[in-house]
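Asker: Dropping in work.csv, which is CSV, C-alpha atoms and all ligand atoms:
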```csv
chain,number,residue,atom,x,y,z
A,268,MET,CA,105.9,-87.0,100.6
A,269,VAL,CA,103.5,-84.3,101.9
A,270,GLY,CA,105.3,-81.0,101.1
A,271,ALA,CA,104.9,-78.3,103.7
A,272,LYS,CA,102.0,-78.5,106.0
A,273,THR,CA,100.9,-76.1,108.7
A,274,TYR,CA,99.6,-77.0,112.2
A,275,ARG,CA,98.0,-74.6,114.6
A,276,ALA,CA,97.5,-74.9,118.3
A,277,GLY,CA,97.3,-72.9,121.5
A,278,SER,CA,100.9,-73.5,122.3
A,279,LEU,CA,104.1,-74.5,120.6
A,280,LYS,CA,104.1,-77.8,122.6
A,281,GLU,CA,100.7,-78.7,121.3
A,282,ALA,CA,101.5,-77.8,117.7
A,283,LEU,CA,104.7,-79.8,117.8
A,284,ALA,CA,102.8,-82.8,119.2
A,285,GLN,CA,100.4,-82.5,116.2
A,286,VAL,CA,103.4,-82.5,113.8
A,287,ARG,CA,104.8,-85.6,115.5
A,288,ARG,CA,101.5,-87.4,115.3
A,289,ASP,CA,101.0,-86.6,111.7
A,290,LEU,CA,104.4,-86.7,110.2
A,291,GLY,CA,106.4,-88.8,112.6
A,292,GLY,CA,109.8,-88.3,114.2
A,293,ALA,CA,111.6,-87.4,111.0
A,294,ALA,CA,109.5,-84.2,110.5
A,295,VAL,CA,111.5,-81.1,109.7
A,296,ILE,CA,110.2,-77.8,111.3
A,297,LEU,CA,110.3,-75.2,108.6
A,298,GLY,CA,109.0,-72.3,110.7
A,299,THR,CA,106.9,-71.2,113.6
A,300,ARG,CA,105.0,-68.0,114.0
A,301,GLU,CA,102.2,-66.6,116.1
A,302,VAL,CA,99.2,-66.3,113.8
A,303,ARG,CA,96.4,-64.5,115.6
A,304,ARG,CA,94.9,-63.7,118.9
A,305,ARG,CA,91.6,-65.2,119.6
A,306,ARG,CA,89.3,-65.0,122.6
A,307,MET,CA,88.7,-67.9,124.9
A,308,PHE,CA,85.2,-67.8,126.1
A,309,GLY,CA,85.8,-64.1,125.6
A,310,LEU,CA,88.4,-64.1,128.3
A,311,GLY,CA,91.5,-62.1,127.5
A,312,SER,CA,93.2,-63.2,124.4
A,313,ARG,CA,95.5,-66.0,123.4
A,314,GLU,CA,98.3,-66.5,120.8
A,315,LEU,CA,97.9,-69.3,118.3
A,316,VAL,CA,101.1,-70.9,117.3
A,317,GLU,CA,101.5,-72.0,113.7
A,318,VAL,CA,104.1,-74.5,112.9
A,319,THR,CA,105.0,-75.3,109.3
A,320,ALA,CA,106.6,-78.7,108.8
A,321,SER,CA,107.5,-81.3,106.2
A,322,ASP,CA,107.9,-85.0,106.6
A,323,GLY,CA,111.6,-84.6,105.9
A,324,SER,CA,111.6,-86.6,102.6
A,325,LYS,CA,112.2,-83.6,100.3
A,326,PRO,CA,113.5,-80.1,101.2
A,327,VAL,CA,110.7,-77.5,100.7
A,328,GLY,CA,112.5,-74.5,102.2
A,329,PRO,CA,115.0,-73.6,104.7
A,330,PRO,CA,114.4,-75.5,107.9
A,331,VAL,CA,114.7,-73.7,111.2
A,332,SER,CA,117.9,-75.1,112.4
A,333,MET,CA,121.4,-73.9,112.9
A,334,PRO,CA,122.8,-73.4,109.4
A,335,GLU,CA,126.2,-74.8,108.4
A,336,PRO,CA,128.9,-72.2,108.9
A,337,SER,CA,129.6,-72.3,105.1
A,338,SER,CA,126.0,-71.5,104.2
A,339,VAL,CA,125.8,-68.4,106.4
A,340,ALA,CA,125.2,-65.4,104.2
A,341,ILE,CA,127.3,-62.4,105.1
A,342,PRO,CA,124.7,-59.7,105.9
A,343,ALA,CA,124.9,-56.4,104.0
A,344,SER,CA,125.6,-54.5,107.2
A,345,SER,CA,125.8,-55.0,110.9
A,346,GLU,CA,122.3,-53.5,111.2
A,347,VAL,CA,120.9,-56.4,109.2
A,348,LEU,CA,122.8,-58.9,111.3
A,349,HIS,CA,121.5,-57.2,114.4
A,350,SER,CA,117.9,-57.3,113.3
A,351,GLN,CA,118.1,-61.0,112.2
A,352,PHE,CA,119.7,-61.8,115.5
A,353,GLY,CA,117.0,-59.9,117.3
A,354,GLU,CA,114.2,-61.7,115.5
A,355,GLN,CA,115.7,-65.1,116.3
A,356,LEU,CA,116.1,-64.1,119.9
A,357,SER,CA,112.6,-62.9,120.3
A,358,ARG,CA,111.3,-66.1,118.7
A,359,LEU,CA,113.3,-68.2,121.0
A,360,HIS,CA,112.2,-66.1,123.9
A,361,ALA,CA,108.5,-66.6,123.0
A,362,MET,CA,109.1,-70.4,122.6
A,363,VAL,CA,110.8,-70.7,126.0
A,364,GLU,CA,108.1,-68.6,127.7
A,365,ASP,CA,105.3,-70.6,126.1
A,366,LEU,CA,106.8,-74.0,127.1
A,367,SER,CA,107.6,-72.9,130.7
A,368,ARG,CA,104.1,-71.4,131.1
A,369,HIS,CA,102.4,-74.6,130.1
A,370,GLY,CA,104.8,-76.7,132.1
A,371,ARG,CA,104.0,-74.5,135.1
A,372,LEU,CA,100.3,-74.8,134.6
A,373,ASP,CA,100.4,-78.6,134.5
A,374,HIS,CA,102.5,-78.7,137.6
A,375,LEU,CA,100.3,-76.2,139.5
A,376,LEU,CA,97.0,-77.8,138.7
A,377,PRO,CA,97.4,-81.5,139.4
A,378,ASP,CA,94.0,-81.5,141.1
A,379,LEU,CA,92.1,-80.0,138.2
A,380,PRO,CA,90.8,-81.8,135.1
A,381,GLY,CA,93.1,-81.1,132.1
A,382,GLU,CA,90.0,-79.8,130.2
A,383,LEU,CA,89.9,-76.8,132.5
A,384,VAL,CA,93.6,-75.8,132.2
A,385,PRO,CA,92.8,-73.6,129.2
A,386,THR,CA,90.0,-71.9,131.3
A,387,TYR,CA,92.6,-71.3,134.0
A,388,ALA,CA,95.0,-69.9,131.4
A,389,SER,CA,92.3,-67.6,130.0
A,390,LEU,CA,91.6,-66.2,133.4
A,391,LEU,CA,95.2,-65.5,134.0
A,392,GLU,CA,95.3,-63.7,130.6
A,393,ALA,CA,92.3,-61.6,131.7
A,394,GLU,CA,94.6,-60.6,134.6
A,395,VAL,CA,92.7,-62.5,137.2
A,396,PRO,CA,95.2,-63.1,140.0
A,397,GLU,CA,96.4,-66.8,140.2
A,398,SER,CA,94.8,-67.6,143.6
A,399,LEU,CA,91.4,-66.3,142.5
A,400,ALA,CA,91.7,-68.0,139.1
A,401,ARG,CA,92.4,-71.3,140.9
A,402,ARG,CA,89.3,-70.8,143.1
A,403,LEU,CA,87.1,-70.0,140.1
A,404,VAL,CA,88.3,-73.1,138.2
A,405,ARG,CA,88.0,-75.3,141.2
A,406,TYR,CA,84.4,-74.0,141.6
A,407,VAL,CA,83.7,-75.1,138.0
A,408,ALA,CA,85.5,-78.4,138.4
A,409,GLU,CA,83.5,-79.3,141.5
A,410,ARG,CA,80.2,-78.6,139.8
A,411,LEU,CA,80.7,-80.2,136.4
A,412,GLU,CA,80.8,-83.8,135.5
A,413,PRO,CA,84.0,-84.7,133.5
A,414,ASP,CA,82.1,-84.8,130.2
A,415,GLU,CA,80.5,-81.4,130.9
A,416,ALA,CA,83.9,-80.0,131.6
A,417,ARG,CA,84.7,-80.7,127.9
A,418,ASN,CA,81.7,-78.7,126.9
A,419,PRO,CA,82.8,-75.0,126.4
A,420,GLU,CA,79.2,-73.7,127.0
A,421,ALA,CA,78.8,-75.6,130.3
A,422,VAL,CA,82.2,-74.4,131.4
A,423,ARG,CA,81.3,-70.8,130.5
A,424,ASP,CA,78.0,-70.9,132.3
A,425,SER,CA,79.6,-72.4,135.4
A,426,LEU,CA,82.4,-69.9,135.3
A,427,ARG,CA,79.9,-67.1,135.0
A,428,GLU,CA,78.1,-68.4,138.1
A,429,ALA,CA,81.5,-68.5,139.9
A,430,VAL,CA,82.2,-64.9,139.0
A,431,GLU,CA,78.7,-63.8,140.0
A,432,SER,CA,79.3,-65.2,143.4
A,433,CYS,CA,82.2,-62.7,143.9
A,434,VAL,CA,80.1,-59.7,143.1
A,435,GLN,CA,77.7,-58.0,145.5
A,436,ILE,CA,75.2,-55.4,144.2
A,437,ALA,CA,73.8,-52.4,145.9
A,438,PRO,CA,70.4,-51.0,144.9
A,439,PRO,CA,70.4,-47.6,143.0
A,440,ILE,CA,70.4,-44.5,145.1
A,441,ALA,CA,67.2,-44.5,147.2
A,442,ALA,CA,66.0,-41.0,146.3
A,443,VAL,CA,62.2,-40.4,146.8
A,444,ALA,CA,60.3,-37.2,146.1
A,445,GLY,CA,59.6,-35.2,149.3
A,446,THR,CA,62.5,-36.6,151.4
A,447,ARG,CA,66.1,-35.5,151.3
A,448,ARG,CA,68.7,-38.2,150.5
A,449,VAL,CA,72.3,-37.1,151.0
A,450,VAL,CA,74.8,-39.0,148.8
A,451,ALA,CA,78.6,-38.4,148.6
A,452,LEU,CA,81.1,-39.6,146.0
A,453,VAL,CA,84.7,-40.1,147.1
A,454,GLY,CA,87.7,-41.6,145.4
A,455,PRO,CA,91.2,-41.2,144.0
A,456,THR,CA,92.0,-38.4,141.6
A,457,GLY,CA,90.6,-38.4,138.1
A,458,VAL,CA,88.4,-41.5,138.3
A,459,GLY,CA,85.3,-39.7,137.2
A,460,LYS,CA,83.6,-38.5,140.4
A,461,THR,CA,82.4,-35.1,139.0
A,462,THR,CA,81.3,-36.6,135.7
A,463,THR,CA,79.4,-39.3,137.6
A,464,VAL,CA,77.7,-36.8,139.9
A,465,ALA,CA,76.6,-34.9,136.8
A,466,LYS,CA,75.3,-38.2,135.2
A,467,LEU,CA,73.4,-39.1,138.4
A,468,ALA,CA,71.9,-35.6,138.8
A,469,ALA,CA,70.8,-35.4,135.3
A,470,ASN,CA,69.2,-38.8,135.3
A,471,PHE,CA,67.4,-38.3,138.6
A,472,LYS,CA,66.1,-35.0,137.3
A,473,LEU,CA,65.2,-36.0,133.7
A,474,ALA,CA,64.2,-39.7,134.1
A,475,HIS,CA,62.8,-39.7,137.6
A,476,GLY,CA,61.5,-36.2,137.9
A,477,LEU,CA,63.3,-35.5,141.2
A,478,ARG,CA,64.9,-32.3,142.4
A,479,PRO,CA,68.6,-32.9,142.9
A,480,GLY,CA,71.1,-30.3,144.3
A,481,LEU,CA,74.9,-30.4,144.1
A,482,VAL,CA,77.5,-29.6,146.8
A,483,THR,CA,81.2,-29.5,146.1
A,484,VAL,CA,84.0,-29.6,148.6
A,485,ASP,CA,86.6,-29.5,145.9
A,486,THR,CA,87.7,-26.0,146.5
A,487,TYR,CA,91.5,-26.6,146.0
A,488,ARG,CA,91.1,-25.9,142.3
A,489,ILE,CA,89.0,-23.2,140.8
A,490,ALA,CA,88.6,-25.3,137.7
A,491,ALA,CA,87.0,-28.1,139.8
A,492,VAL,CA,84.3,-25.8,141.1
A,493,GLU,CA,83.8,-24.4,137.6
A,494,GLN,CA,83.5,-27.9,136.2
A,495,LEU,CA,80.6,-28.7,138.5
A,496,ARG,CA,79.1,-25.3,138.2
A,497,THR,CA,78.9,-25.8,134.4
A,498,TYR,CA,77.0,-29.1,134.8
A,499,ALA,CA,74.7,-27.4,137.4
A,500,GLU,CA,73.9,-24.7,134.9
A,501,ILE,CA,73.3,-27.0,132.0
A,502,ILE,CA,71.1,-29.4,134.0
A,503,ASP,CA,69.6,-26.4,135.8
A,504,LEU,CA,70.4,-27.5,139.4
A,505,PRO,CA,71.3,-25.5,142.5
A,506,LEU,CA,74.9,-25.7,143.6
A,507,ALA,CA,76.5,-24.9,146.9
A,508,VAL,CA,80.2,-24.8,147.9
A,509,ALA,CA,81.6,-25.9,151.3
A,510,ASN,CA,85.1,-24.6,152.0
A,511,ALA,CA,85.4,-26.3,155.4
A,512,PRO,CA,83.6,-29.1,157.3
A,513,GLY,CA,81.9,-26.4,159.4
A,514,GLU,CA,80.3,-25.1,156.2
A,515,MET,CA,78.8,-28.4,155.2
A,516,ARG,CA,75.4,-28.2,156.9
A,517,ARG,CA,74.9,-24.6,155.7
A,518,ALA,CA,75.8,-25.6,152.1
A,519,ILE,CA,73.3,-28.5,152.1
A,520,ASP,CA,70.6,-26.2,153.6
A,521,GLU,CA,71.4,-23.5,151.0
A,522,LEU,CA,70.2,-25.9,148.2
A,523,GLY,CA,66.6,-25.5,149.5
A,524,ASP,CA,63.9,-28.0,148.9
A,525,VAL,CA,65.8,-30.8,147.1
A,526,ASP,CA,65.1,-34.6,147.1
A,527,LEU,CA,68.7,-35.6,146.5
A,528,VAL,CA,71.9,-33.9,147.6
A,529,LEU,CA,74.9,-35.1,145.6
A,530,ILE,CA,78.2,-34.2,147.2
A,531,ASP,CA,81.2,-34.1,144.9
A,532,THR,CA,84.6,-34.3,146.7
A,533,ALA,CA,88.2,-33.6,145.7
A,534,GLY,CA,90.1,-36.6,144.4
A,535,ARG,CA,92.5,-37.9,147.0
A,536,SER,CA,95.6,-40.0,146.5
A,537,PRO,CA,95.0,-43.2,148.6
A,538,ARG,CA,98.5,-42.5,150.0
A,539,ASP,CA,97.5,-39.1,151.3
A,540,GLU,CA,96.1,-40.1,154.7
A,541,VAL,CA,95.9,-36.5,155.9
A,542,LYS,CA,93.7,-35.4,153.0
A,543,ILE,CA,91.6,-38.5,153.3
A,544,ARG,CA,91.1,-37.8,157.0
A,545,GLU,CA,90.1,-34.2,156.1
A,546,LEU,CA,87.6,-35.7,153.6
A,547,ALA,CA,86.2,-37.8,156.4
A,548,ASP,CA,85.7,-34.7,158.5
A,549,PHE,CA,83.7,-33.1,155.6
A,550,LEU,CA,81.5,-36.2,155.4
A,551,ALA,CA,81.0,-36.5,159.1
A,552,ALA,CA,79.6,-33.0,159.0
A,553,ALA,CA,77.4,-33.9,156.0
A,554,GLN,CA,76.1,-37.1,157.6
A,555,PRO,CA,75.4,-38.7,154.2
A,556,ASP,CA,73.0,-41.6,153.8
A,557,GLU,CA,75.2,-43.2,151.3
A,558,VAL,CA,79.0,-42.9,150.4
A,559,HIS,CA,80.0,-44.3,147.1
A,560,LEU,CA,83.7,-45.0,146.4
A,561,VAL,CA,84.4,-44.3,142.8
A,562,LEU,CA,87.0,-46.6,141.3
A,563,SER,CA,88.3,-46.6,137.8
A,564,ALA,CA,88.2,-50.1,136.1
A,565,VAL,CA,91.4,-49.0,134.3
A,566,ALA,CA,93.4,-49.1,137.6
A,567,GLY,CA,95.4,-52.1,138.5
A,568,GLU,CA,94.5,-54.5,141.3
A,569,ARG,CA,97.0,-53.1,143.8
A,570,SER,CA,95.8,-49.5,143.5
A,571,LEU,CA,92.2,-50.6,143.6
A,572,ARG,CA,92.8,-52.5,146.8
A,573,ALA,CA,94.7,-49.6,148.3
A,574,ALA,CA,91.8,-47.2,147.4
A,575,VAL,CA,89.2,-49.5,149.0
A,576,GLU,CA,91.4,-49.8,152.2
A,577,ARG,CA,92.2,-46.1,152.6
A,578,PHE,CA,88.8,-44.7,151.8
A,579,SER,CA,87.2,-46.9,154.4
A,580,VAL,CA,88.0,-44.1,156.8
A,581,ALA,CA,85.4,-42.1,154.8
A,582,HIS,CA,82.9,-44.9,155.5
A,583,ALA,CA,82.5,-45.6,151.8
A,584,ASP,CA,79.9,-48.3,151.7
A,585,ARG,CA,79.3,-48.8,148.0
A,586,LEU,CA,81.4,-48.9,144.9
A,587,ILE,CA,80.9,-47.2,141.5
A,588,LEU,CA,83.0,-48.7,138.7
A,589,THR,CA,83.9,-46.1,136.1
A,590,LYS,CA,85.7,-46.2,132.7
A,591,LEU,CA,84.6,-49.8,131.9
A,592,ASP,CA,84.8,-48.7,128.3
A,593,GLU,CA,88.5,-48.1,128.6
A,594,ALA,CA,89.5,-51.2,130.6
A,595,ASP,CA,91.3,-54.0,128.8
A,596,GLY,CA,90.9,-56.8,131.3
A,597,LEU,CA,88.7,-56.7,134.4
A,598,GLY,CA,90.5,-59.5,136.3
A,599,GLY,CA,91.9,-57.0,138.9
A,600,VAL,CA,88.4,-55.5,139.4
A,601,LEU,CA,87.0,-58.9,140.0
A,602,ALA,CA,89.8,-59.6,142.6
A,603,VAL,CA,89.0,-56.4,144.4
A,604,LEU,CA,85.2,-57.0,144.3
A,605,GLY,CA,85.7,-60.4,145.8
A,606,HIS,CA,87.7,-58.9,148.7
A,607,ALA,CA,86.2,-55.5,149.2
A,608,ASP,CA,83.0,-56.7,150.9
A,609,ARG,CA,81.2,-53.7,149.4
A,610,PRO,CA,78.4,-53.8,146.9
A,611,VAL,CA,78.6,-52.1,143.5
A,612,SER,CA,75.9,-49.5,142.8
A,613,TYR,CA,76.7,-48.1,139.3
A,614,LEU,CA,78.8,-48.7,136.3
A,615,THR,CA,79.9,-46.0,134.0
A,616,THR,CA,80.8,-46.7,130.4
A,617,GLY,CA,81.9,-43.5,128.8
A,618,GLN,CA,82.3,-39.7,129.0
A,619,ALA,CA,78.8,-38.8,127.8
A,620,VAL,CA,76.6,-37.1,130.4
A,621,PRO,CA,73.9,-38.3,131.2
A,622,ASP,CA,73.9,-41.4,129.1
A,623,ASP,CA,77.0,-43.4,130.0
A,624,ILE,CA,75.9,-44.8,133.4
A,625,GLU,CA,73.8,-47.8,134.4
A,626,PRO,CA,72.7,-49.3,137.7
A,627,ALA,CA,74.9,-52.2,138.6
A,628,ASP,CA,73.6,-55.7,137.7
A,629,ARG,CA,75.3,-58.9,138.9
A,630,ALA,CA,74.9,-60.8,135.6
A,631,ARG,CA,76.0,-57.9,133.5
A,632,ILE,CA,79.1,-57.4,135.6
A,633,ALA,CA,80.0,-61.1,135.4
A,634,ARG,CA,79.5,-61.1,131.6
A,635,LEU,CA,81.6,-58.0,131.2
A,636,ILE,CA,84.4,-59.5,133.3
A,637,LEU,CA,84.3,-62.6,131.2
A,638,GLY,CA,84.2,-60.6,128.0
A,639,LEU,CA,80.8,-62.1,127.2
A,640,ASP,CA,79.2,-58.7,127.0
A,641,VAL,CA,80.5,-55.5,125.4
A,642,VAL,CA,80.2,-52.1,127.0
A,643,SER,CA,77.6,-50.5,124.7
A,701,LIG,N1,86.2,-43.2,129.1
A,701,LIG,C1,85.6,-42.8,130.2
A,701,LIG,N2,85.9,-41.6,130.7
A,701,LIG,C2,85.3,-41.1,131.8
A,701,LIG,C3,84.3,-41.9,132.5
A,701,LIG,N3,83.9,-41.2,133.5
A,701,LIG,C4,84.6,-40.0,133.5
A,701,LIG,N4,85.5,-40.0,132.5
A,701,LIG,C5,86.5,-39.0,132.1
A,701,LIG,O1,87.5,-39.0,133.1
A,701,LIG,C6,88.1,-37.7,133.2
A,701,LIG,C7,88.1,-37.2,134.7
A,701,LIG,O2,86.7,-37.1,135.1
A,701,LIG,P1,86.3,-36.3,136.3
A,701,LIG,O3,84.8,-36.5,136.5
A,701,LIG,O4,86.8,-34.9,136.2
A,701,LIG,O5,87.1,-37.0,137.5
A,701,LIG,P2,87.2,-36.7,139.0
A,701,LIG,O6,87.2,-38.0,139.7
A,701,LIG,O7,86.1,-35.7,139.4
A,701,LIG,O8,88.6,-36.0,139.0
A,701,LIG,P3,89.2,-35.1,140.3
A,701,LIG,O9,88.1,-34.2,140.7
A,701,LIG,O10,90.3,-34.3,139.6
A,701,LIG,O11,89.7,-36.1,141.3
A,701,LIG,C8,87.2,-36.8,132.3
A,701,LIG,O12,87.9,-36.6,131.1
A,701,LIG,C9,85.9,-37.6,132.1
A,701,LIG,O13,85.3,-37.3,130.9
A,701,LIG,C10,83.9,-43.1,131.9
A,701,LIG,O14,83.1,-43.9,132.4
A,701,LIG,N5,84.6,-43.5,130.8
A,702,MG,MG,86.2,-33.8,140.2
```
What does this structure look like when you write it as structure tokens?
Answerer:
Amino acid sequence: MVGAKTYRAGSLKEALAQVRRDLGGAAVILGTREVRRRRMFGLGSRELVEVTASDGSKPVGPPVSMPEPSSVAIPASSEVLHSQFGEQLSRLHAMVEDLSRHGRLDHLLPDLPGELVPTYASLLEAEVPESLARRLVRYVAERLEPDEARNPEAVRDSLREAVESCVQIAPPIAAVAGTRRVVALVGPTGVGKTTTVAKLAANFKLAHGLRPGLVTVDTYRIAAVEQLRTYAEIIDLPLAVANAPGEMRRAIDELGDVDLVLIDTAGRSPRDEVKIRELADFLAAAQPDEVHLVLSAVAGERSLRAAVERFSVAHADRLILTKLDEADGLGGVLAVLGHADRPVSYLTTGQAVPDDIEPADRARIARLILGLDVVS
């Protein structure tokens, strides 16, 4: 007789297999619960299932089975009954979901070594779309010998390499003293364009000793102009406003002798084609050397894809990823980077101007996506 023993595994199926192996077919399941979430190579998170069981020789507590009608206690109120029923139902729901998920994985991955199924599951949990997760795992499987595939470090390194292969990097803005580089930031509303313009301007001035100037075309809202004006005053930079595409050249010239013109634009919904076209007219007048599409890492894959597609009219040729500090899983970002065919120039990691910005680095992005690095 062993009394109650607990078994932990990544899925109910695995935990039950352990129980069977250890206690045999007569084992009585006394309870199941999810015990904690742990990170798998830092990718997303995973429930651990804990099963408590006895070998069935001596009752150690109420088994999880349908009670005899005579032993059903009458609940004090229908509220209690309701909550008990709700608990049972959600536990059953979790069990069914877990079993079907694992059944589905086995069925979907007949061509992959079983050792890599958890890696695939971890990618899905990090919100990497299925087709991309399969590609990444296949990349790993093709490069590792079977015994290496059982080594978590080898798998992690190979996966990192696979993720890196999806990411292109652009060099930082090529501003040089004595020449005028014109750079525009475009993107959906509220992604951090104005804040990023301020971070860039402050860094180029303070760290590189250049003379930046700011132009805003965001004249729809008085507050938007005031927001940029406040930064311009704090950082001590010239600011010009362009109300129409025809005013763009004048606005840039008004800045005088600057090395870097940073153009802040109004946020546009990717669905608003008219406004995006208007933005393209502003940019055509400005003739920027670089157009950076600013994307929030918090956004889902679909809206990121839509933004990349719609803002191509504005000839956005680089990507700035913002709000990495707020994002839970970067699987959607990875999917978009793989498809966007545009390099990443900067990452932003918080609201603080000028500190929370860094030039994009392939290894750093891959590590962030895989949860191997933290946003500082
Ligand atoms: N957590 C976090 N917040 C950020 C980051 N970058 C910008 N923000 C915040 O996001 C909010 C919107 O930033 P803005 O710079 O005004 O965004 P925008 O794209 O200019 O917005 P619109 O001009 O309205 O389209 C502000 O509260 C910023 O402080 C970042 O990297 N991390
Ligand atoms: Mg703005």
Asker: Taking only C-alpha atoms and all ligand atoms into account, list the residues no farther than 10 Å from ligand MG 702 (chain A), as a ChimeraX atom specification.
Answerer: /A:452-464,483-485,488,490-492,494-495,531-534
Asker: State, in Å with one decimal place, the distance from CA of Thr486 (chain A) to CA of Ala511 (chain A).
Answerer: 9.2 Å
Asker: Would you please work out which residue, of A:Asp622, A:Asp526, A:Asp520, A:Arg535, is nearest to Tyr487 (chain A) when using all atoms listed in the file?
Answerer: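 Nearest candidate to Tyr487 (chain A) out of A:Asp622, A:Asp526, A:Asp520, A:Arg535: A:Arg535.
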Asker: Excluding region 545-562 of chain A and residues on its chain fewer than 6 positions from it, collect all residues at most 9 Å away from it, counting only C-alpha atoms, and give them as a PyMOL selection string.
Answerer: chain A and resi 440+448-455+458-460+463+484+509+511-516+519+528+530+532-533+535+571+574-575+578-590+611-612
Asker: When distances are computed from all atoms listed in the file, which of A:Val443, A:Leu279, A:Leu614, A:Val286 shows the smallest separation from Ala627 (chain A)?
Answerer: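 So, comparing all the options, the nearest one is A:Leu614.
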Asker: Tell me, in Å to one decimal, how far CA of Arg402 (chain A) is from CA of Tyr387 (chain A).
Answerer: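 Separation between CA of Arg402 (chain A) and CA of Tyr387 (chain A): 9.7 Å.
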Asker: Using all atoms listed in the file, which of the listed residues (A:Glu593, A:Asp524, A:Glu420, A:Asp640) sits closest to ligand LIG 701 (chain A)?
Answerer: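 Ranked by minimum distance to ligand LIG 701 (chain A), first place goes to A:Glu593.
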Asker: Pick out the closest residue to Leu477 (chain A) from this set: A:Leu283, A:Leu504, A:Thr615, A:Glu301. Count only C-alpha atoms.
Answerer: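 Of the candidates, the smallest distance to Leu477 (chain A) is held by A:Leu504.
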Asker: Skipping near chain neighbours, those fewer than 2 positions away, what residues fall within 12 Å of Ala594 (chain A) using only C-alpha atoms, listed as a PyMOL selection string?
Answerer: chain A and resi 311+393-394+562-567+588-592+596-600+615-617+635-636+638+641-642
Asker: Using only C-alpha atoms, which protein or nucleic acid residues come within 10 Å of Arg478 (chain A)? Drop anything in the same chain fewer than 4 positions from it, and give the result as number ranges by chain.
Answerer: A: 442-445, 447, 468-469, 471-473, 504-505, 523-528
Asker: Nearest residue to Glu568 (chain A) out of A:Pro413, A:Gly476, A:Pro537, A:Pro396, using only C-alpha atoms?
Answerer: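 So, comparing all the options, the nearest one is A:Pro396.
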Asker: Of the residues A:Ile489, A:Leu637, A:Val407, A:Ala271, which is the one nearest to ligand LIG 701 (chain A), using all atoms listed in the file?
Answerer: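 Residue with the minimum atom-to-atom distance to ligand LIG 701 (chain A): A:Ile489.
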Asker: Just give me the gap between CA of Asp608 (chain A) and CA of Glu540 (chain A) in Å, one decimal is fine.
Answerer: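 Interatomic distance here is 21.5 Å.
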